[in-house]
Amino acid sequence: MDDLMGIHVPPPREDFAIREVFVDHALRKDPLPHIDYSFNPYVGCFHQCAFCYVPRLMQTDRAAWGRSVVVKRNAASVLAREVRKLPRGLVAISTATDPYQFVEGMYRITRHALEVLLRAGWPVSVLSRSGLMLRDVDLFVQFKEIEVGMSVPTLDDNARKLLEPWAPSIESRLRCLRELADAGLTTFVGFAPAYPPTGGWTAGAIADIFESIDVRKVFTRPLDARWGVRESMLARLEDSAVSRDLARISDRGYMAGFIDELAAECKARGIEFRNAEEFRIGVRMAPSLKV
């Protein structure tokens, strides 16, 4: 595709399939802290991130993940009914898909849902990897309670290319955050799953970039290497110049130290940082990556 509002969007792959469905429910009670509901306008994602946790949640074939997307054609209409019946709460858009992947430019399900939530006066938290989010700034600025964020788990675009091959570049995500902040919006970064420092980036340098574009909050989480994630990542890291450093993404001891340092650097700059303690919890995980 051509540049979209200054953001380059990769063309759809020839083998990528789009299917439309009609749904009975739009909102889902979400178990994540600080969130009441999640709204996912699509099932599946174009970005094909090697570490995506959604195939495990859906118990679906990881090898097929990233090759199709299901569009919930009537999701906004169903949402309009639900906000009249359910208790008001914070809605996360989205937790199991990217609400601004390229199909959103065609179907506008996310935009229509935002219009519904704006009329209802519900608070929202929006997270994406795509600069298409800038299209909806006109709606964002009308919300009384809103935060908008980008998934930026590394600042090394060479590492991003290995593990998120069809996702927008890191530069485009940072530029999007800058423009959202310039519009007066509260912005956040999803540093998740946290990559280890590669490409010469240090915790202090990463925090400097976040401060320079006026990021207000950062949350993180460690890699969950279950359900084929380990094998998927190893296949992509093979013969890469950054493979040895990037493989430390599953080394909890190493990552805990790095995240503690990043949290301290962010807090020193007035940036809220959440979930650093998760790297010190002994969660049952698949074996560490070794290349």
# chains A, B, ... in the order shown; residues from 1 in each chain; ligands from 1
>>> select_by_dssp(residues="stretch 116-180 of chain A", states="alpha helix (DSSP H)", output="list in words")
Val116, Leu117, Leu118, Arg119, Ala120, Val137, Asp138, Leu139, Phe140, Asp157, Asn158, Ala159, Arg160, Lys161, Leu162, Leu163, Ile170, Glu171, Ser172, Arg173, Leu174, Arg175, Cys176, Leu177, Arg178, Glu179 and Leu180 of chain A
>>> write_last_selection(atoms="N, CA and C atoms", output="mmCIF file, in the first residue's frame")
data_model
loop_
_atom_site.group_PDB
_atom_site.id
_atom_site.type_symbol
_atom_site.label_atom_id
_atom_site.label_comp_id
_atom_site.auth_asym_id
_atom_site.auth_seq_id
_atom_site.Cartn_x
_atom_site.Cartn_y
_atom_site.Cartn_z
ATOM 1 N N VAL A 116 -19.260 4.818 19.099
ATOM 2 C CA VAL A 116 -20.240 4.300 20.052
ATOM 3 C C VAL A 116 -19.818 4.628 21.480
ATOM 4 N N LEU A 117 -18.569 4.354 21.800
ATOM 5 C CA LEU A 117 -18.075 4.574 23.158
ATOM 6 C C LEU A 117 -18.024 6.057 23.498
ATOM 7 N N LEU A 118 -17.742 6.893 22.539
ATOM 8 C CA LEU A 118 -17.723 8.338 22.756
ATOM 9 C C LEU A 118 -19.123 8.845 23.097
ATOM 10 N N ARG A 119 -20.110 8.397 22.340
ATOM 11 C CA ARG A 119 -21.497 8.815 22.625
ATOM 12 C C ARG A 119 -21.949 8.335 23.993
ATOM 13 N N ALA A 120 -21.484 7.145 24.397
ATOM 14 C CA ALA A 120 -21.900 6.574 25.675
ATOM 15 C C ALA A 120 -21.119 7.150 26.854
ATOM 16 N N VAL A 137 -7.613 10.619 15.490
ATOM 17 C CA VAL A 137 -7.315 11.648 16.484
ATOM 18 C C VAL A 137 -8.522 12.559 16.703
ATOM 19 N N ASP A 138 -9.282 12.797 15.654
ATOM 20 C CA ASP A 138 -10.456 13.664 15.799
ATOM 21 C C ASP A 138 -11.455 13.109 16.806
ATOM 22 N N LEU A 139 -11.515 11.787 16.935
ATOM 23 C CA LEU A 139 -12.378 11.167 17.942
ATOM 24 C C LEU A 139 -11.693 11.126 19.305
ATOM 25 N N PHE A 140 -10.413 10.761 19.320
ATOM 26 C CA PHE A 140 -9.691 10.645 20.586
ATOM 27 C C PHE A 140 -9.805 11.920 21.419
ATOM 28 N N ASP A 157 15.226 -1.615 15.274
ATOM 29 C CA ASP A 157 14.336 -2.067 14.198
ATOM 30 C C ASP A 157 14.840 -3.333 13.530
ATOM 31 N N ASN A 158 16.128 -3.622 13.609
ATOM 32 C CA ASN A 158 16.629 -4.887 13.070
ATOM 33 C C ASN A 158 16.085 -6.064 13.866
ATOM 34 N N ALA A 159 15.974 -5.900 15.178
ATOM 35 C CA ALA A 159 15.361 -6.942 16.008
ATOM 36 C C ALA A 159 13.873 -7.051 15.698
ATOM 37 N N ARG A 160 13.234 -5.914 15.514
ATOM 38 C CA ARG A 160 11.802 -5.918 15.165
ATOM 39 C C ARG A 160 11.553 -6.679 13.870
ATOM 40 N N LYS A 161 12.399 -6.500 12.880
ATOM 41 C CA LYS A 161 12.220 -7.158 11.590
ATOM 42 C C LYS A 161 12.252 -8.677 11.716
ATOM 43 N N LEU A 162 13.023 -9.173 12.665
ATOM 44 C CA LEU A 162 13.111 -10.615 12.861
ATOM 45 C C LEU A 162 11.851 -11.192 13.494
ATOM 46 N N LEU A 163 11.328 -10.533 14.517
ATOM 47 C CA LEU A 163 10.238 -11.109 15.304
ATOM 48 C C LEU A 163 8.872 -10.534 14.974
ATOM 49 N N ILE A 170 9.692 0.600 13.956
ATOM 50 C CA ILE A 170 9.759 1.276 15.244
ATOM 51 C C ILE A 170 9.705 2.790 15.051
ATOM 52 N N GLU A 171 10.397 3.296 14.039
ATOM 53 C CA GLU A 171 10.384 4.739 13.775
ATOM 54 C C GLU A 171 8.964 5.257 13.573
ATOM 55 N N SER A 172 8.156 4.506 12.814
ATOM 56 C CA SER A 172 6.794 4.964 12.552
ATOM 57 C C SER A 172 5.952 4.967 13.827
ATOM 58 N N ARG A 173 6.212 4.031 14.726
ATOM 59 C CA ARG A 173 5.463 3.975 15.977
ATOM 60 C C ARG A 173 5.826 5.147 16.878
ATOM 61 N N LEU A 174 7.112 5.468 16.925
ATOM 62 C CA LEU A 174 7.546 6.609 17.733
ATOM 63 C C LEU A 174 6.990 7.917 17.176
ATOM 64 N N ARG A 175 6.956 8.026 15.851
ATOM 65 C CA ARG A 175 6.405 9.230 15.228
ATOM 66 C C ARG A 175 4.918 9.358 15.535
ATOM 67 N N CYS A 176 4.233 8.231 15.550
ATOM 68 C CA CYS A 176 2.812 8.240 15.888
ATOM 69 C C CYS A 176 2.592 8.712 17.327
ATOM 70 N N LEU A 177 3.401 8.197 18.254
ATOM 71 C CA LEU A 177 3.291 8.607 19.654
ATOM 72 C C LEU A 177 3.533 10.103 19.803
ATOM 73 N N ARG A 178 4.507 10.629 19.075
ATOM 74 C CA ARG A 178 4.801 12.057 19.134
ATOM 75 C C ARG A 178 3.588 12.881 18.682
ATOM 76 N N GLU A 179 2.959 12.471 17.602
ATOM 77 C CA GLU A 179 1.808 13.217 17.079
ATOM 78 C C GLU A 179 0.592 13.095 17.999
ATOM 79 N N LEU A 180 0.427 11.943 18.622
ATOM 80 C CA LEU A 180 -0.674 11.780 19.570
ATOM 81 C C LEU A 180 -0.467 12.684 20.788
#
>>> residues_around(residues="A:Lys217", least_positions_apart="5", cutoff="9 Å", atoms="only C-alpha atoms", output="compact mmCIF listing (two decimals) with N, CA and C atoms, in the first residue's frame")
# COMPACT_ATOMS: atom_id res chain seq x y z
N GLY A 149 -1.87 4.27 23.03
CA GLY A 149 -0.52 3.76 23.12
C GLY A 149 -0.07 2.96 21.92
N THR A 186 -2.95 11.64 26.41
CA THR A 186 -2.08 10.86 27.29
C THR A 186 -1.62 9.63 26.54
N THR A 187 -0.31 9.48 26.39
CA THR A 187 0.22 8.38 25.60
C THR A 187 0.98 7.39 26.48
N PHE A 188 1.01 6.14 26.04
CA PHE A 188 1.73 5.11 26.77
C PHE A 188 2.42 4.17 25.79
N VAL A 189 3.39 3.44 26.30
CA VAL A 189 4.12 2.43 25.52
C VAL A 189 3.88 1.08 26.14
N GLY A 190 3.54 0.11 25.30
CA GLY A 190 3.52 -1.28 25.70
C GLY A 190 4.88 -1.89 25.38
N CYS A 266 13.09 5.38 33.56
CA CYS A 266 11.81 6.01 33.21
C CYS A 266 11.26 6.83 34.37
N GLY A 270 10.07 10.98 35.16
CA GLY A 270 8.67 11.27 35.41
C GLY A 270 7.71 10.40 34.62
N ILE A 271 8.19 9.26 34.10
CA ILE A 271 7.35 8.35 33.33
C ILE A 271 6.91 7.20 34.23
N GLU A 272 5.63 7.00 34.35
CA GLU A 272 5.11 5.89 35.16
C GLU A 272 5.51 4.56 34.51
N PHE A 273 5.92 3.59 35.33
CA PHE A 273 6.36 2.29 34.81
C PHE A 273 5.70 1.19 35.62
N ARG A 274 4.99 0.28 34.92
CA ARG A 274 4.25 -0.78 35.60
C ARG A 274 4.75 -2.17 35.21
>>> closest_residue(among="A:Pro165, A:Pro55, A:Pro41, A:Pro33", to="A:Leu90", atoms="only C-alpha atoms")
A:Pro33
>>> closest_residue(among="A:Glu145, A:Glu104, A:Glu238, A:Glu278", to="A:Ser128", atoms="only C-alpha atoms")
A:Glu104
>>> residues_around(residues="A:Arg88", least_positions_apart="6", cutoff="12 Å", atoms="only C-alpha atoms", output="VMD selection string")
chain A and resid 27 29 35 to 37 82 117 120 to 124
>>> atom_distance(atom1="atom CA of A:Gly44", atom2="atom CA of A:Lys85")
27.9 Å
>>> closest_residue(among="A:Asp239, A:Asp245, A:Asp15, A:Asp208", to="A:Lys267", atoms="only C-alpha atoms")
A:Asp208
>>> residues_around(residues="A:Ala113", least_positions_apart="4", cutoff="10 Å", atoms="only C-alpha atoms", output="list in words")
Ala26, Phe39, Asn40, Pro41, Asn74, Ala75, Ala76, Ser77, Val78, Leu79, Ala80, Ile93, Arg108, Ile109, Leu117 and Leu118 of chain A
>>> write_last_selection(atoms="N, CA and C atoms", output="mmCIF file, in the first residue's frame")
data_model
loop_
_atom_site.group_PDB
_atom_site.id
_atom_site.type_symbol
_atom_site.label_atom_id
_atom_site.label_comp_id
_atom_site.auth_asym_id
_atom_site.auth_seq_id
_atom_site.Cartn_x
_atom_site.Cartn_y
_atom_site.Cartn_z
ATOM 1 N N ALA A 26 -19.760 -8.240 21.801
ATOM 2 C CA ALA A 26 -18.650 -7.375 21.411
ATOM 3 C C ALA A 26 -17.668 -7.158 22.552
ATOM 4 N N PHE A 39 -12.344 -5.029 23.794
ATOM 5 C CA PHE A 39 -13.074 -5.024 22.531
ATOM 6 C C PHE A 39 -12.078 -5.357 21.434
ATOM 7 N N ASN A 40 -12.315 -6.465 20.755
ATOM 8 C CA ASN A 40 -11.437 -6.917 19.672
ATOM 9 C C ASN A 40 -12.242 -6.951 18.373
ATOM 10 N N PRO A 41 -12.010 -6.004 17.482
ATOM 11 C CA PRO A 41 -12.806 -5.918 16.245
ATOM 12 C C PRO A 41 -12.491 -7.000 15.235
ATOM 13 N N ASN A 74 -20.444 -6.702 12.402
ATOM 14 C CA ASN A 74 -21.468 -5.993 13.174
ATOM 15 C C ASN A 74 -21.027 -5.667 14.589
ATOM 16 N N ALA A 75 -19.714 -5.717 14.861
ATOM 17 C CA ALA A 75 -19.230 -5.555 16.235
ATOM 18 C C ALA A 75 -19.631 -4.213 16.842
ATOM 19 N N ALA A 76 -19.587 -3.140 16.073
ATOM 20 C CA ALA A 76 -19.932 -1.820 16.610
ATOM 21 C C ALA A 76 -21.416 -1.730 16.945
ATOM 22 N N SER A 77 -22.259 -2.342 16.133
ATOM 23 C CA SER A 77 -23.705 -2.340 16.401
ATOM 24 C C SER A 77 -24.027 -3.121 17.671
ATOM 25 N N VAL A 78 -23.365 -4.266 17.835
ATOM 26 C CA VAL A 78 -23.555 -5.059 19.050
ATOM 27 C C VAL A 78 -23.039 -4.288 20.263
ATOM 28 N N LEU A 79 -21.913 -3.619 20.097
ATOM 29 C CA LEU A 79 -21.354 -2.799 21.175
ATOM 30 C C LEU A 79 -22.347 -1.725 21.610
ATOM 31 N N ALA A 80 -23.029 -1.116 20.670
ATOM 32 C CA ALA A 80 -24.001 -0.066 20.998
ATOM 33 C C ALA A 80 -25.105 -0.608 21.897
ATOM 34 N N ILE A 93 -8.938 -1.457 23.715
ATOM 35 C CA ILE A 93 -9.024 -1.726 22.276
ATOM 36 C C ILE A 93 -7.590 -1.769 21.752
ATOM 37 N N ARG A 108 -13.216 -0.132 8.998
ATOM 38 C CA ARG A 108 -13.477 0.930 9.975
ATOM 39 C C ARG A 108 -14.261 0.440 11.204
ATOM 40 N N ILE A 109 -14.083 -0.818 11.570
ATOM 41 C CA ILE A 109 -14.791 -1.357 12.736
ATOM 42 C C ILE A 109 -14.337 -0.641 14.009
ATOM 43 N N LEU A 117 -18.569 4.354 21.800
ATOM 44 C CA LEU A 117 -18.075 4.574 23.158
ATOM 45 C C LEU A 117 -18.024 6.057 23.498
ATOM 46 N N LEU A 118 -17.742 6.893 22.539
ATOM 47 C CA LEU A 118 -17.723 8.338 22.756
ATOM 48 C C LEU A 118 -19.123 8.845 23.097
#
>>> atom_distance(atom1="atom CA of A:Asp260", atom2="atom CA of A:Pro168")
27.4 Å
>>> select_by_dssp(residues="stretch 160-290 of chain A", states="strand (DSSP E)", output="list in words")
Thr186, Thr187, Phe188, Val189, Gly190, Phe191, Lys217, Val218, Phe219, Thr220, Glu272, Phe273 and Arg274 of chain A
>>> closest_residue(among="A:Gly199, A:Pro193, A:Gly105, A:Pro99", to="A:His47", atoms="only C-alpha atoms")
A:Pro99
>>> residues_around(residues="A:Val71", least_positions_apart="2", cutoff="8 Å", atoms="only C-alpha atoms", output="list in words")
Ile18, Arg19, Glu20, Val21, Pro41, Tyr42, Val43, Val69 and Arg73 of chain A
>>> atom_distance(atom1="atom CA of A:Met58", atom2="atom CA of A:His112")
25.6 Å
